[in-house]
file run13.cif (mmCIF, C-alpha atoms and all ligand atoms)
data_upload
loop_
_atom_site.label_atom_id
_atom_site.label_comp_id
_atom_site.auth_asym_id
_atom_site.auth_seq_id
_atom_site.Cartn_x
_atom_site.Cartn_y
_atom_site.Cartn_z
CA MET A 9 -13.91 26.38 7.86
CA ASN A 10 -14.29 23.62 5.30
CA VAL A 11 -15.81 20.15 5.31
CA THR A 12 -12.64 18.50 6.53
CA THR A 13 -12.83 20.46 9.80
CA LEU A 14 -16.45 19.43 10.44
CA SER A 15 -17.21 16.64 12.89
CA PRO A 16 -18.13 13.29 11.29
CA ARG A 17 -21.75 13.86 12.42
CA ALA A 18 -21.95 17.26 10.74
CA LEU A 19 -20.25 16.10 7.55
CA LEU A 20 -22.59 13.12 7.27
CA SER A 21 -25.56 15.41 7.71
CA LEU A 22 -24.36 17.45 4.72
CA LEU A 23 -23.72 14.33 2.66
CA ALA A 24 -27.17 12.98 3.43
CA ASN A 25 -28.51 16.24 2.01
CA GLY A 26 -26.11 16.20 -0.94
CA ALA A 27 -28.75 16.57 -3.69
CA LYS A 28 -30.17 19.62 -1.93
CA ALA A 29 -26.70 21.09 -1.45
CA MET A 30 -26.07 20.81 -5.20
CA ASP A 31 -29.45 22.44 -5.85
CA VAL A 32 -28.38 25.35 -3.66
CA VAL A 33 -25.00 25.69 -5.42
CA GLU A 34 -26.47 25.43 -8.93
CA THR A 35 -29.18 27.95 -8.09
CA ALA A 36 -26.63 30.33 -6.55
CA LEU A 37 -24.52 30.02 -9.69
CA HIS A 38 -27.33 30.55 -12.18
CA LEU A 39 -29.05 33.29 -10.18
CA GLY A 40 -25.81 35.30 -10.07
CA LEU A 41 -25.48 35.04 -6.29
CA LEU A 42 -21.94 33.68 -6.54
CA ASP A 43 -20.91 36.57 -8.81
CA ALA A 44 -22.51 39.03 -6.42
CA LEU A 45 -20.67 37.48 -3.47
CA ASP A 46 -17.35 37.47 -5.27
CA PRO A 47 -17.32 40.00 -8.11
CA ASP A 48 -13.55 39.77 -8.37
CA ALA A 49 -13.51 36.00 -8.89
CA GLU A 50 -11.86 36.42 -12.28
CA THR A 51 -8.94 38.47 -10.93
CA GLY A 52 -8.49 36.38 -7.79
CA THR A 53 -8.32 39.49 -5.58
CA ARG A 54 -10.01 39.57 -2.19
CA THR A 55 -13.36 41.34 -2.15
CA ASP A 56 -15.23 43.30 0.49
CA THR A 57 -18.26 41.84 2.15
CA VAL A 58 -21.69 42.51 0.67
CA SER A 59 -24.84 43.08 2.70
CA LEU A 60 -27.90 40.83 2.63
CA SER A 61 -30.07 43.81 1.64
CA ASP A 62 -27.81 44.67 -1.32
CA LEU A 63 -27.80 41.06 -2.43
CA SER A 64 -31.60 40.77 -2.16
CA LEU A 65 -32.17 43.98 -4.10
CA ARG A 66 -29.71 43.05 -6.82
CA LEU A 67 -31.14 39.56 -7.30
CA GLY A 68 -34.79 40.52 -6.75
CA VAL A 69 -35.35 37.97 -3.99
CA VAL A 70 -36.87 37.98 -0.50
CA PRO A 71 -34.21 38.83 2.15
CA GLY A 72 -35.47 36.36 4.77
CA ARG A 73 -35.41 33.54 2.22
CA LEU A 74 -32.00 34.49 0.86
CA TYR A 75 -30.67 34.46 4.44
CA LYS A 76 -31.68 30.77 4.70
CA MET A 77 -30.10 30.00 1.35
CA LEU A 78 -26.89 31.66 2.57
CA ASP A 79 -27.06 29.57 5.74
CA CYS A 80 -27.01 26.50 3.47
CA LEU A 81 -23.91 27.86 1.71
CA GLU A 82 -22.31 28.77 5.04
CA SER A 83 -22.91 25.26 6.41
CA LEU A 84 -20.98 23.95 3.40
CA GLY A 85 -18.09 26.29 4.23
CA PHE A 86 -18.64 28.35 1.05
CA VAL A 87 -19.36 31.78 2.55
CA HIS A 88 -18.21 33.83 5.52
CA ARG A 89 -20.87 35.81 7.42
CA GLU A 90 -20.46 38.92 9.56
CA GLN A 91 -23.34 39.86 11.86
CA HIS A 92 -23.14 43.55 12.75
CA GLY A 93 -26.44 43.73 14.71
CA ASP A 94 -29.70 41.90 15.27
CA GLU A 95 -31.46 42.93 12.08
CA LEU A 96 -31.23 41.03 8.82
CA ASP A 97 -30.00 44.09 6.94
CA LEU A 98 -26.93 44.16 9.19
CA VAL A 99 -25.68 40.80 7.95
CA ARG A 100 -22.80 40.83 5.45
CA TYR A 101 -21.24 38.03 3.41
CA ARG A 102 -18.17 37.10 1.42
CA ALA A 103 -17.57 33.97 -0.65
CA VAL A 104 -14.48 31.86 -0.02
CA PRO A 105 -11.90 32.36 -2.80
CA GLY A 106 -12.46 30.22 -5.88
CA LEU A 107 -16.11 29.35 -5.16
CA ARG A 108 -17.47 30.83 -8.40
CA GLN A 109 -15.00 28.92 -10.62
CA ALA A 110 -15.43 25.69 -8.63
CA ALA A 111 -19.22 25.84 -8.97
CA GLU A 112 -18.88 26.49 -12.69
CA ALA A 113 -16.50 23.52 -13.02
CA VAL A 114 -18.82 21.11 -11.21
CA ALA A 115 -22.26 22.41 -12.24
CA GLY A 116 -21.42 24.13 -15.56
CA PRO A 117 -21.41 22.68 -19.08
CA GLY A 118 -17.96 20.98 -18.97
CA SER A 119 -18.62 19.25 -15.64
CA LEU A 120 -16.43 16.17 -15.11
CA GLU A 121 -18.81 15.03 -12.38
CA ARG A 122 -21.66 14.95 -14.90
CA ASP A 123 -19.47 13.09 -17.38
CA ARG A 124 -18.59 10.44 -14.77
CA ASP A 125 -22.24 10.05 -13.85
CA ARG A 126 -22.80 8.47 -17.31
CA TYR A 127 -20.86 5.40 -16.19
CA PRO A 128 -22.88 2.47 -14.80
CA TRP A 129 -21.97 3.07 -11.13
CA ARG A 130 -25.56 2.28 -10.15
CA LEU A 131 -24.74 -1.41 -10.69
CA LEU A 132 -22.71 -1.20 -7.47
CA HIS A 133 -25.04 1.03 -5.51
CA GLY A 134 -26.44 -0.72 -2.43
CA ARG A 135 -24.39 -3.82 -3.26
CA LEU A 136 -21.00 -2.83 -1.91
CA VAL A 137 -20.88 -5.76 0.51
CA ASP A 138 -21.13 -8.17 -2.44
CA VAL A 139 -18.60 -6.07 -4.34
CA LEU A 140 -16.13 -6.02 -1.45
CA ARG A 141 -16.46 -9.77 -1.00
CA GLY A 142 -15.59 -10.21 -4.68
CA GLU A 143 -19.02 -11.67 -5.44
CA MET A 144 -20.09 -8.86 -7.74
CA SER A 145 -18.13 -6.81 -10.31
CA ILE A 146 -18.77 -4.45 -13.19
CA PRO A 147 -19.09 -6.81 -16.19
CA ALA A 148 -16.16 -6.34 -18.60
CA ALA A 149 -18.69 -6.10 -21.43
CA THR A 150 -19.97 -2.93 -19.72
CA PHE A 151 -16.64 -1.43 -18.66
CA GLY A 152 -13.43 -3.37 -19.24
CA TRP A 153 -9.92 -2.33 -18.23
CA PRO A 154 -8.06 -1.86 -20.46
CA PRO A 155 -11.08 -0.88 -22.59
CA ARG A 156 -12.34 -3.97 -24.38
CA ASP A 157 -13.39 -2.71 -27.77
CA GLU A 158 -13.50 0.39 -29.93
CA GLY A 159 -16.77 1.59 -28.41
CA GLN A 160 -15.51 1.37 -24.82
CA LEU A 161 -12.20 2.96 -25.75
CA ALA A 162 -13.82 5.86 -27.62
CA ASP A 163 -16.12 6.52 -24.68
CA PHE A 164 -13.31 6.38 -22.14
CA GLU A 165 -10.90 8.55 -24.16
CA GLN A 166 -13.62 11.16 -24.52
CA SER A 167 -13.92 11.30 -20.71
CA MET A 168 -10.16 11.53 -20.36
CA ALA A 169 -9.85 14.33 -22.92
CA ALA A 170 -12.52 16.30 -21.03
CA GLY A 171 -10.28 16.35 -17.93
CA LEU A 172 -7.05 17.39 -19.65
CA GLY A 173 -7.35 21.12 -18.83
CA PRO A 174 -4.98 21.27 -15.83
CA ILE A 175 -2.47 18.98 -17.55
CA ILE A 176 -2.37 21.08 -20.72
CA GLU A 177 -1.86 24.16 -18.55
CA THR A 178 1.13 22.58 -16.80
CA PHE A 179 2.76 21.38 -20.02
CA ARG A 180 2.27 24.77 -21.66
CA ALA A 181 3.75 26.61 -18.70
CA HIS A 182 6.94 24.54 -19.04
CA ALA A 183 7.09 24.14 -22.83
CA GLY A 184 10.08 26.49 -23.10
CA ARG A 185 12.08 24.37 -20.69
CA LEU A 186 10.88 21.01 -22.03
CA TRP A 187 11.43 21.58 -25.77
CA GLY A 188 11.47 25.26 -26.62
CA GLU A 189 12.24 25.62 -30.33
CA ARG A 190 14.11 22.33 -30.52
CA ALA A 191 13.07 19.68 -33.06
CA LEU A 192 12.40 16.93 -30.51
CA ARG A 193 10.42 13.71 -30.84
CA LEU A 194 8.05 12.83 -28.00
CA LEU A 195 6.27 9.51 -27.47
CA ASP A 196 3.09 9.97 -25.41
CA VAL A 197 2.60 6.50 -23.94
CA GLY A 198 -1.09 5.71 -23.33
CA GLY A 199 -1.73 9.05 -25.02
CA GLY A 200 -5.50 8.69 -25.36
CA ASP A 201 -7.02 10.13 -28.53
CA GLY A 202 -4.10 12.51 -29.08
CA THR A 203 -5.79 15.57 -27.58
CA LEU A 204 -2.85 16.41 -25.30
CA ALA A 205 -0.39 15.80 -28.15
CA ALA A 206 -2.36 18.16 -30.39
CA HIS A 207 -2.30 20.92 -27.76
CA LEU A 208 1.46 20.55 -27.33
CA LEU A 209 2.06 20.59 -31.09
CA GLU A 210 -0.03 23.71 -31.62
CA ARG A 211 2.31 25.72 -29.40
CA SER A 212 5.67 24.14 -30.34
CA PRO A 213 6.14 24.13 -34.13
CA ALA A 214 9.37 22.10 -34.14
CA LEU A 215 8.00 19.29 -31.94
CA ARG A 216 6.72 15.93 -33.26
CA VAL A 217 4.57 13.65 -31.11
CA ASP A 218 3.65 10.02 -31.58
CA VAL A 219 0.80 8.65 -29.50
CA PHE A 220 1.42 5.08 -28.33
CA ASN A 221 -1.84 3.32 -27.58
CA LEU A 222 -3.83 0.15 -28.10
CA PRO A 223 -4.67 -0.47 -31.81
CA ALA A 224 -8.34 0.43 -31.26
CA ALA A 225 -7.25 4.04 -30.53
CA GLU A 226 -5.91 4.62 -34.05
CA PRO A 227 -9.17 6.00 -35.55
CA LEU A 228 -9.46 8.37 -32.57
CA VAL A 229 -5.97 9.77 -33.12
CA ASP A 230 -6.66 9.93 -36.89
CA ARG A 231 -9.69 12.07 -36.12
CA THR A 232 -7.70 14.38 -33.81
CA ARG A 233 -5.02 14.74 -36.53
CA LYS A 234 -7.64 15.62 -39.11
CA GLU A 235 -9.50 18.08 -36.88
CA SER A 236 -6.30 19.80 -35.71
CA GLY A 237 -4.72 19.97 -39.18
CA LEU A 238 -1.38 18.86 -37.70
CA GLY A 239 -0.62 16.32 -40.42
CA GLY A 240 2.38 14.05 -39.95
CA ARG A 241 3.60 15.88 -36.83
CA LEU A 242 1.00 13.90 -34.86
CA GLY A 243 1.78 10.23 -35.34
CA PHE A 244 0.34 7.00 -33.95
CA VAL A 245 2.13 3.83 -32.89
CA ALA A 246 -0.12 0.87 -32.11
CA GLY A 247 0.98 -1.43 -29.33
CA ASP A 248 0.42 -2.92 -25.92
CA PHE A 249 2.84 -1.57 -23.34
CA LEU A 250 2.41 -4.67 -21.19
CA ASP A 251 3.71 -6.79 -24.00
CA GLY A 252 7.25 -6.20 -25.31
CA PRO A 253 9.45 -3.12 -25.39
CA LEU A 254 8.37 0.46 -26.11
CA PRO A 255 9.40 1.83 -29.51
CA GLY A 256 12.86 3.41 -29.33
CA GLY A 257 14.68 6.52 -30.51
CA TYR A 258 12.59 9.21 -28.79
CA ASP A 259 14.04 12.35 -27.16
CA ALA A 260 11.22 12.44 -24.62
CA LEU A 261 8.60 10.03 -23.42
CA SER A 262 5.53 10.88 -21.37
CA PHE A 263 3.18 8.93 -19.09
CA VAL A 264 0.14 11.09 -18.46
CA ARG A 265 -2.43 9.55 -16.09
CA VAL A 266 -1.14 6.10 -17.02
CA LEU A 267 1.12 4.77 -14.26
CA HIS A 268 -1.46 5.11 -11.47
CA ASP A 269 -3.75 2.63 -13.23
CA TRP A 270 -1.35 -0.28 -12.70
CA PRO A 271 0.27 -2.21 -9.85
CA VAL A 272 3.63 -0.78 -8.74
CA SER A 273 5.42 -3.76 -10.31
CA THR A 274 3.92 -2.84 -13.72
CA ALA A 275 4.75 0.86 -13.27
CA ARG A 276 8.33 -0.15 -12.47
CA ALA A 277 8.51 -2.35 -15.58
CA LEU A 278 7.13 0.52 -17.70
CA LEU A 279 9.77 2.91 -16.36
CA ARG A 280 12.49 0.39 -17.21
CA LYS A 281 11.06 0.04 -20.73
CA ALA A 282 11.01 3.85 -21.01
CA HIS A 283 14.65 4.00 -19.95
CA ALA A 284 15.56 1.54 -22.69
CA ALA A 285 13.50 3.38 -25.33
CA LEU A 286 14.87 6.90 -24.77
CA VAL A 287 17.96 8.26 -26.52
CA PRO A 288 20.92 9.02 -24.21
CA ASP A 289 20.09 12.15 -22.17
CA GLY A 290 16.45 11.72 -23.24
CA ARG A 291 13.78 12.87 -20.81
CA ILE A 292 10.88 11.07 -19.16
CA LEU A 293 7.79 13.08 -18.13
CA ILE A 294 5.20 11.90 -15.61
CA CYS A 295 2.03 13.87 -14.97
CA GLU A 296 -1.06 12.72 -13.10
CA GLU A 297 -3.07 13.56 -9.97
CA PHE A 298 -0.35 13.10 -7.38
CA ARG A 299 -2.03 12.39 -4.09
CA THR A 300 -3.34 15.35 -2.06
CA PRO A 301 -6.61 15.58 -0.07
CA ASP A 302 -8.17 17.76 -2.82
CA ARG A 303 -7.24 15.36 -5.61
CA LEU A 304 -8.39 12.34 -3.65
CA ALA A 305 -11.76 14.09 -3.32
CA GLY A 306 -11.75 14.74 -7.09
CA GLN A 307 -11.03 11.04 -7.63
CA PHE A 308 -13.98 9.91 -5.49
CA PHE A 309 -15.99 8.72 -8.48
CA TRP A 310 -13.24 6.42 -9.76
CA SER A 311 -12.38 5.15 -6.26
CA TYR A 312 -16.03 4.10 -5.93
CA PHE A 313 -16.70 2.79 -9.44
CA LEU A 314 -13.42 0.91 -9.80
CA MET A 315 -14.07 -1.14 -6.63
CA GLY A 316 -15.94 -3.24 -9.19
CA VAL A 317 -13.04 -3.39 -11.71
CA ASP A 318 -10.07 -5.33 -10.32
CA THR A 319 -7.87 -4.95 -13.40
CA CYS A 320 -7.65 -1.17 -12.89
CA VAL A 321 -5.58 -0.44 -9.79
CA SER A 322 -6.42 3.31 -9.75
CA ARG A 323 -4.25 4.47 -6.89
CA LEU A 324 -3.11 8.06 -6.36
CA TYR A 325 0.52 8.22 -5.29
CA GLU A 326 2.53 10.99 -3.68
CA ILE A 327 5.24 12.62 -5.80
CA GLU A 328 7.93 10.99 -3.64
CA HIS A 329 6.78 7.55 -4.78
CA TYR A 330 7.66 8.34 -8.40
CA VAL A 331 10.89 10.09 -7.46
CA ARG A 332 11.95 6.83 -5.82
CA LEU A 333 10.80 4.62 -8.73
CA LEU A 334 12.59 6.85 -11.25
CA GLU A 335 15.85 6.74 -9.31
CA GLU A 336 15.54 2.96 -8.89
CA SER A 337 15.00 2.65 -12.65
CA GLY A 338 18.27 4.44 -13.44
CA PHE A 339 16.99 7.97 -14.16
CA ARG A 340 18.86 11.02 -12.87
CA ASP A 341 18.18 14.74 -12.32
CA VAL A 342 14.62 14.11 -11.14
CA THR A 343 12.82 17.46 -11.08
CA VAL A 344 9.29 18.41 -10.04
CA LEU A 345 7.82 21.25 -12.10
CA PRO A 346 4.87 23.09 -10.52
CA GLY A 347 1.41 23.42 -12.05
CA PRO A 348 -2.24 22.54 -11.47
CA PHE A 349 -0.94 18.94 -11.70
CA GLU A 350 2.82 18.80 -11.11
CA LEU A 351 5.05 17.42 -13.85
CA ILE A 352 7.93 15.14 -12.85
CA THR A 353 10.84 15.06 -15.27
CA ALA A 354 14.02 12.99 -15.20
CA THR A 355 16.91 12.30 -17.53
CA ARG A 356 18.07 8.99 -18.88
C1 LIG B 1 -6.26 6.90 -18.00
S1 LIG B 1 -6.02 6.93 -19.72
C2 LIG B 1 -5.03 8.38 -19.95
C3 LIG B 1 -5.11 8.92 -21.34
C4 LIG B 1 -4.33 10.20 -21.58
N1 LIG B 1 -2.92 10.01 -21.33
C5 LIG B 1 -4.89 11.32 -20.73
O1 LIG B 1 -4.34 11.63 -19.69
O2 LIG B 1 -5.94 11.86 -21.13
C6 LIG B 1 -4.89 5.58 -19.94
C7 LIG B 1 -4.46 5.38 -21.37
O3 LIG B 1 -3.63 4.21 -21.44
C8 LIG B 1 -4.04 3.42 -22.55
N2 LIG B 1 -3.69 2.02 -22.30
C9 LIG B 1 -4.25 1.20 -21.37
N3 LIG B 1 -3.67 -0.01 -21.42
C10 LIG B 1 -2.73 0.06 -22.40
C11 LIG B 1 -1.79 -0.87 -22.89
N4 LIG B 1 -1.74 -2.11 -22.39
N5 LIG B 1 -0.96 -0.48 -23.88
C12 LIG B 1 -1.03 0.77 -24.39
N6 LIG B 1 -1.89 1.71 -23.94
C13 LIG B 1 -2.74 1.36 -22.95
C14 LIG B 1 -5.53 3.66 -22.63
O4 LIG B 1 -6.05 3.27 -23.88
C15 LIG B 1 -5.59 5.16 -22.35
O5 LIG B 1 -5.32 5.90 -23.52
#
call {"tool": "encode", "arguments": {"input": "run13.cif", "output": "structure tokens"}}
result
Amino acid sequence: MNVTTLSPRALLSLLANGAKAMDVVETALHLGLLDALDPDAETGTRTDTVSLSDLSLRLGVVPGRLYKMLDCLESLGFVHREQHGDELDLVRYRAVPGLRQAAEAVAGPGSLERDRDRYPWRLLHGRLVDVLRGEMSIPAATFGWPPRDEGQLADFEQSMAAGLGPIIETFRAHAGRLWGERALRLLDVGGGDGTLAAHLLERSPALRVDVFNLPAAEPLVDRTRKESGLGGRLGFVAGDFLDGPLPGGYDALSFVRVLHDWPVSTARALLRKAHAALVPDGRILICEEFRTPDRLAGQFFWSYFLMGVDTCVSRLYEIEHYVRLLEESGFRDVTVLPGPFELITATR
């Protein structure tokens, strides 16, 4: 069972109690209940059930109260319960796979949800009718798209860098196939503060990466270069990809969480510019949250907040959408490489 199989009435009841649900999850995490329910979380193997009495003893809590807490977790679809008799000490539990890591990701120190909460979404709260009618927006001085000034850009790039984990994992898993030991030059278009580039360079000594970004990003990439000690292998090219061609002569060119921010016509134009900028047989790489129910849920914050920012399209697309755009733009050998976020590659 998970929330998507609940009736609308039941799901709304959980959502209306969302703050309490997070209290339960955070408490379960910090108390060690999630570890106790899933001691093999690290290895990903399936564990046996654990009894309510064992759990209560181990955590030093009152069994009847813990039972209610576990009912909260069960209502959220996070634990399975087996009732072997009438008494409380005959109840056994098991966490659904991945619960411990998911709770750590959302409630732990690197939480993206907490990072997003810093943004001024409260400006929209309770005013969605005005927002939908186009009568109210997030002021560009507060959050502009593209970011308006160095302060906004630095803030935004910091948020982006915090969410790079799954993307770095995918690129690393395929580094051998993408560049191996070859001395290739990659242009990371809209490459943020250079954090992804730095991670790629650390593992592939022959690679060189230039970040292409708005001029205000230069000090951010300078800082990443300095902190990573990568020197001239991490370059920066200032420019606006909406205005004029992309710089040429690169063996590979990446768009990481860039294309989904723009209308399809702009994405198409960017792919054509990429085709022109690559060397013959050069490779284009596209990586972002391709649309699945899980990723749409992960995108909920931006779907909400960006209702007030018309210039940012923010639309998750299925992989097939990009396969089609790439083929229409003249690329061949389109390949989808697996990973936490898939990586689409194609050849010029
Ligand atoms: C959603 S962020 C993704 C950043 C990075 N690739 C990542 O995944 O962490 C989009 C990036 O595109 C850049 N960008 C937006 N508009 C741009 C433009 N017109 N020309 C060049 N870069 C732009 C932003 O500054 C930002 O670095």
call {"tool": "residues_near_ligand", "arguments": {"input": "run13.cif", "ligand": "ligand LIG 1 (chain B)", "cutoff": "6 Å", "atoms": "all atoms listed in the file", "output": "list of chain:residue names"}}
result
A:Pro154, A:Met168, A:Ala169, A:Leu172, A:Gly198, A:Gly199, A:Gly200, A:Asn221, A:Leu222, A:Gly247, A:Asp248, A:Phe249, A:Leu250, A:Val264, A:Arg265, A:Val266
call {"tool": "closest_residue", "arguments": {"input": "run13.cif", "among": "A:Leu192, A:Leu209, A:Val137, A:Leu60", "to": "Leu261 of chain A", "atoms": "only C-alpha atoms"}}
result
A:Leu192
call {"tool": "residues_around", "arguments": {"input": "run13.cif", "residues": "Val33 of chain A", "least_positions_apart": "2", "cutoff": "9 Å", "atoms": "all atoms listed in the file", "output": "VMD selection string"}}
result
chain A and resid 28 to 31 35 to 38 42 81 111 115
call {"tool": "residues_around", "arguments": {"input": "run13.cif", "residues": "Gly306 of chain A", "least_positions_apart": "3", "cutoff": "12 Å", "atoms": "all atoms listed in the file", "output": "ChimeraX atom specification"}}
result
/A:110,113-114,119-121,124,171,297-303,309-312,324
call {"tool": "residues_around", "arguments": {"input": "run13.cif", "residues": "Ser21 of chain A", "least_positions_apart": "5", "cutoff": "12 Å", "atoms": "all atoms listed in the file", "output": "number ranges by chain"}}
result
A: 11, 14-16, 26-29, 80, 83-84
call {"tool": "closest_residue", "arguments": {"input": "run13.cif", "among": "A:Leu195, A:Ala149, A:Ala277, A:Leu304", "to": "Glu336 of chain A", "atoms": "all atoms listed in the file"}}
result
A:Ala277
call {"tool": "atom_distance", "arguments": {"input": "run13.cif", "atom1": "atom CA of Leu107 of chain A", "atom2": "atom CA of Leu45 of chain A"}}
result
9.5 Å
call {"tool": "residues_around", "arguments": {"input": "run13.cif", "residues": "segment 253-255 of chain A", "least_positions_apart": "4", "cutoff": "7 Å", "atoms": "only C-alpha atoms", "output": "mmCIF file with C-alpha atoms, in the frame of the given file"}}
result
data_model
loop_
_atom_site.group_PDB
_atom_site.id
_atom_site.type_symbol
_atom_site.label_atom_id
_atom_site.label_comp_id
_atom_site.auth_asym_id
_atom_site.auth_seq_id
_atom_site.Cartn_x
_atom_site.Cartn_y
_atom_site.Cartn_z
ATOM 1 C CA PHE A 249 2.840 -1.570 -23.340
ATOM 2 C CA LYS A 281 11.060 0.040 -20.730
ATOM 3 C CA ALA A 282 11.010 3.850 -21.010
ATOM 4 C CA ALA A 285 13.500 3.380 -25.330
#
call {"tool": "atom_distance", "arguments": {"input": "run13.cif", "atom1": "atom CA of Val342 of chain A", "atom2": "atom CA of Ile294 of chain A"}}
result
10.7 Å
call {"tool": "atom_distance", "arguments": {"input": "run13.cif", "atom1": "atom CA of Asp138 of chain A", "atom2": "atom CA of Arg17 of chain A"}}
result
26.6 Å
call {"tool": "residues_around", "arguments": {"input": "run13.cif", "residues": "Val87 of chain A", "least_positions_apart": "4", "cutoff": "8 Å", "atoms": "all atoms listed in the file", "output": "PyMOL selection string"}}
result
chain A and resi 78+81-82+101-104
call {"tool": "closest_residue", "arguments": {"input": "run13.cif", "among": "A:Leu22, A:Tyr127, A:Ala305, A:His133", "to": "Thr150 of chain A", "atoms": "all atoms listed in the file"}}
result
A:Tyr127
call {"tool": "closest_residue", "arguments": {"input": "run13.cif", "among": "A:Gly290, A:Val139, A:Ser145, A:Trp129", "to": "Trp187 of chain A", "atoms": "all atoms listed in the file"}}
result
A:Gly290
call {"tool": "axis_aligned_box", "arguments": {"input": "run13.cif", "around": "segment 205-222 of chain A", "padding_each_side": "5 Å", "output": "AutoDock Vina command-line options"}}
result
--center_x 2.8 --center_y 12.9 --center_z -30.7 --size_x 23.2 --size_y 35.6 --size_z 16.8
call {"tool": "closest_residue", "arguments": {"input": "run13.cif", "among": "A:Ala148, A:Ser262, A:Gly118, A:Leu23", "to": "Gln160 of chain A", "atoms": "only C-alpha atoms"}}
result
A:Ala148
call {"tool": "closest_residue", "arguments": {"input": "run13.cif", "among": "A:His88, A:Arg100, A:Arg323, A:His283", "to": "Arg340 of chain A", "atoms": "all atoms listed in the file"}}
result
A:His283
